[in-house]
Amino acid sequence: MPETDLRPAPPVTQDADATAYDPTTVEAGWYAFWEGHDFFRADTERGQAQRDAGTSPFVIPMPPPNVTGRLHMGHALQDAVQDALIRMNRMRGVESLWIPGMDHAGIATQNVVERKLRAEGIERKQIGREAFLEHVWAYVEEFGGIILDQKRRLGASCDWSRERFTLDDDYNHVVQDIFVKLYEQGLIYRGHYLVNWDPENMTAISDEEVDNVERDGQMWWIQYPYADRDGHITIATTRPETMLGDTAIAVHPEDERYTDLVGQRVRLPLTDRTIPIVADEHANPEFGAGALKVTPAHDKNDFEIGKRHDLEVLTIMNPDATINEHGGPYEGLDRFEARKQIVADLDAAGLLDKVEPYKTSVPISSRSKAVIEPLISRQWFVKMQPLADLGLQALRDGDIRFYPERWQNEYVRWLDNIRDWTISRQLWWGHRIPVWYYVDADGEIDESRDFVVSVEQPEPGMVQDEDVLDTWFSSWLWPFATLGWPEETDDLKAFYPSTVLVSGYDILFFWIARMVMAGLHFTGNVPFRDIYITGMIKDAQGRWMSKSLGNGIDPLDMIEQYGADAVRFSLNVLCTPGQDIKLEPSKFEMGRNFANKIWNAFNVFGRFMEPGKDYKRTRSFDELDLVERWLLTRLNQTVKTVDEAVGRYRLNEAALAIYDLFWRDYCDWYLELAKPEFGEQMDDETIALAIEVYEQMTKLLHPFMPFITEELWHRLRPREAGDACIAAAWPEANDAETDPDAAEAFALMQELISGIRGVKSQYGVAPSKPVEALVNLAGTAPLTETLDAHGRYFERLANVDRLTVGTDLAKPKASATVVIGSHEVFVPLAGMIDLDAERDRLLKAIEEKEGFRASVQKKLSNEQFTSRAPAEVVERERQKAADASAEIDKLRANLDDLG
RNA sequence: GGGCCCUUAGCUCAGUGGUUUAGAGCGCUCGCCUCACACGCGAGAGGUCACUGGUUCAAAUCCAGUAGGGCCCACCA
């Protein structure tokens with residue numbers, strides 16, 4: 001063999017009894033073969049040439065998985081879809097690029113390493129930033145990237161030569177560059193604001209990283225005594241501990257109960273402070289006591305009220321959510337401890353009016369699951385409105401398109417209500433914020449001097465901002481940063497914008513919408529034209545798969561058990577765009593069984609092939625046998641169906657169409673007729689046709705089941721070293737080899753044969769027992785000839801040893817009858833016919849037909865229908881009624897005949 | 001509070017440019033180790049397409065509403 005032939009050795013032939021397909025050996029070798037031949041690598045020059053010629057290369061940016069992640073079913077689903085699209089387009093001759101890579105995943109990765117170090121007795125803070133980051137890098141070196149190998153197991157044909165990591169040096173540079181640009185454009189600003197503070201990770205997070213969870217809580221009604229006279233005002237709160245930071249009471253300006261109290265002061269219980277009562281529209285007279293405690297430093301609405309009334313903003317918590325020095329006796333207590341204590345103290349002081357159960361929605365950090373504490377803090381933000389406008393405009397202009405379309409509503413809704421993005425994170429693992437500060441004599445940041453925004457250190461001695469950027473601040477650049485932007489690289493010119501993004505709806509806001517905005521803002525172009533939203537994988541009960549529930553299904557277990565091809569095929573069949581998938585392992589049996597079918601079907605002709613011989617058909621289409629012309633017709637129809645379905649991103653429809661073609665048409669009908677009898681040989685012409693169609697189906701199936709198809713590709717014919725299924729030309733529908741008449745004739749024979757089989761089954765005649773059959777056609781001579789010439793079909797498929805075809809055949813005594821349209825089949829069953837059973841059978845058939853005819857006639861008797869519906873439709877209905885009548889007549893005549 | 005999705009055979013789901021007798025996989029029934037495949041072959045049973053009303057010649061499909069399930073966003077403390 002030539003040196004460049006990297007084909008794996010064929011799997012050891014299994015022994016005669018073990019006929020089930022074993023994917024393990026077949027799937028082991030081909031990935032190296034593909035990679036070795038560089039089939040995954042997109043060629044920039046070819047891509048550019050295609051773009052110049054007006055055809056865009058086909059490009060998918062792979063959603064980069066977390067560097068420390070493991071493959072889960074969601075990845076497997078999306079990869080199965082993406083790889084199918086990539087392979088299909090590559091076979092079509094479109095330069096195709098699937099860009100792989102990984103995300104540094106700031107908080108997630110830092111947490112993993114922090115936990116690991118803690119288990120070893122090492123605290124992050126003790127060893128310091130630099131040492132900690134060394135640990136993280138070491139961890140990433142050792143355990144990172146496993147997920148990419150797992151994708152290889154699935155057969156993902158991504159271009160590894162273009163692999164990127166969001167924390168690579170050059171990527172890091174791009175991120176920092178972007179920060180500087182946005183700052184200079186006035187789209188990044190720094191400020192003290194109330195942010196979502198995660199006390200567990202001790203960092204700010206964005207609004208999108210907060211989940212609101214409904215919980216059973218309590219509402220406490222608390223008395224605040226007036227400062228200057230007797231009595232009190234009662235407020236209701238779900239968070240009594242925050243009262244330590246109250247700086248006002250608010251009542252509605254038109255709330256008559258309180259109008260004369262506005263401007264007076266109350267004594268804040270448990271502290272020695274007095275605070276004013278202010279009038280603010282935000283207080284709802286209908287809710288609670290109508291009076292509202294105002295804690296500007298720990299509540300978003302209160303913060304706004306505070307601004308309106310120029311109230312003091314008093315932060316009472318430390319970053320770890322313990323009470324700070326403003327909490328007096330409660331200093332040092334955790335916020336929930338403090339709550340208990342404060343409630344107890346209020347109760348003791350007689351200031352607690354009542355406590356009632358109350359459902360509240362609690363903000364939870366999606367990262368740590370800790371309860372978010374709104375906290376004033378100095379952070380960096382991106383001003384989003386100008387970017388959102390771009391994103392909305394792109395959709396309006398039709399520059400991006402969602403599949404399924406309804407997801408654009410979510411996209412629009414989010415962008416319409418866009419809020420500024422908190423991008424700074426108090427972490428160490430991530431892209432350092434490119435901002436520099438002057439230091440004073442004590443080495444502290446000199447707040448009196450302006451900071452400098454710059455990638456490089458502007459002056460010796462300046463210190464860089466300690467914080468890093470939100471992970472998504474790097475991910476949103478993925479589609480163009482991976483292609484070399486901001487350099488005008490050849491890759492960028494050839495492969496940007498990409499074609500389609502395949503992702504789940506869970507990251508529509510986090511990632512997809514932001515990529516659109518970044519693409520538009522920085523490159524002036526959308527990052528991708530199509531957005532294919534997949535559903536999410538759920539367990540059999542419809543619950544999210546999670547570690548804590550232990551209900552996850554590991555794709556690698558499934559690959560081991562069923563094979564990668566089976567997993568990929570099944571996932572593609574199950575995947576209706578935008579719809580969640582309830583998954584259980586048994587779902588993969590469909591794919592496994594199919595792979596087994598494919599494998600075994602090859603043997604039907606494979607065992608007759610001479611090694612090394614290239615079988616080529618010499619017969620023209622017209623010279624082919626009827627079933628062969630039918631098969632080619634079905635093949636060509638299926639190619640059209642597949643192309644059409646894939647054009648709408650309906651890979652499930654495409655996969656099922658090929659499945660049907662292969663199993664129902666090719667195996668169940670064609671092969672059953674093509675395979676030789678007993679010890680006979682298969683002639684070369686038959687082998688050639690069997691191979692030809694099988695080869696075409698191999699190509700159609702390759703995007704879904706790359707391994708088994710590649711294996712069989714090399715068994716079908718002698719192949720040159722570089723000849724591979726992955727690089728084969730995608731089938732094109734051949735109208736010259738499509739014969740609707742043959743298809744129709746064969747379809748009729750299928751019905752007749754099924755009818756005869758049905759009679760035999762009904763009367764308990766063994767399928768292997770030969771029977772006689774008379775086909776009484778409704779008077780068309782050419783059809784008679786056709787059927788007559790193909791008695792062999794009836795013999796092979798229904799064991800009809802004597803077939804009579806005619807137009808005026810008399811029904812033999814003691815025959816069972818099947819009526820197909822206006823045609824009849826008589827099956828003489830002397831001695832076996834059960835008159836009562838036959839009568840029942842015919843009666844049932846009559847009943848069904850009459851029901852059908854009645855519904856058609858009802859339509860026809862409606863004058864509105866006949867006058868208003870298109871003539872063509874009415875005619876079709878008339879024909880249906882006439883056909884049904886003819887069939888019923890035939891059935892009745894046969895019934896009468898029974899006596 | 002606003003919005004979206006789902007409800008089709010025992011189970012899991014396709015199908016909604018309106019018009020053949022609504023499909024698949026699994027399960028079920030009957031018969032088959034028919035020399036490619038029991039991960040298989042043949043033949044069957046099984047559905048008033050959640051409910052109500054409307055539009056239409058014609059509705060599983062379009063519109064309105066109702067019920068049940070799920071999700072997203074907002075959040076009057």
# chains A, B, ... in the order shown; residues from 1 in each chain; ligands from 1
>>> interface_residues(of="chain A", to="chain B", cutoff="8 Å", atoms="only C-alpha atoms (C1' of nucleotides)", output="MDAnalysis selection string")
chainID A and resid 19:20 236:238 283:284 287 292:293 361 574 582 589:590 592:594 596:597 600:604 678 757:758 761:762 764 766:768 852 862 864:869 873
>>> residues_around(residues="Ala204 of chain A", least_positions_apart="5", cutoff="7 Å", atoms="only C-alpha atoms (C1' of nucleotides)", output="short mmCIF file (atom, residue, chain, number, x, y, z; two decimals) with C-alpha atoms, in the first residue's frame")
data_model
loop_
_atom_site.label_atom_id
_atom_site.label_comp_id
_atom_site.auth_asym_id
_atom_site.auth_seq_id
_atom_site.Cartn_x
_atom_site.Cartn_y
_atom_site.Cartn_z
CA VAL A 195 -24.47 45.32 41.69
CA ASN A 196 -25.35 41.66 42.11
CA TRP A 197 -22.83 40.52 44.64
CA ASP A 198 -22.07 36.84 45.03
CA ARG A 425 -15.08 40.23 38.23
CA GLN A 426 -13.19 40.04 41.48
#
>>> closest_residue(among="A:Gly288, A:Pro57, A:Gly779, A:Gly391", to="Gly93 of chain A", atoms="only C-alpha atoms")
A:Pro57
>>> select_by_dssp(residues="segment 334-526 of chain A", states="alpha helix (DSSP H)", output="JSON, numbers by chain")
{"A": [335, 336, 337, 338, 339, 340, 341, 342, 343, 344, 345, 346, 347, 348, 385, 386, 387, 388, 389, 390, 391, 392, 393, 394, 395, 396, 407, 408, 409, 410, 411, 412, 413, 414, 415, 416, 472, 473, 474, 475, 478, 479, 480, 481, 490, 491, 492, 493, 494, 495, 514, 515, 516, 517, 518]}
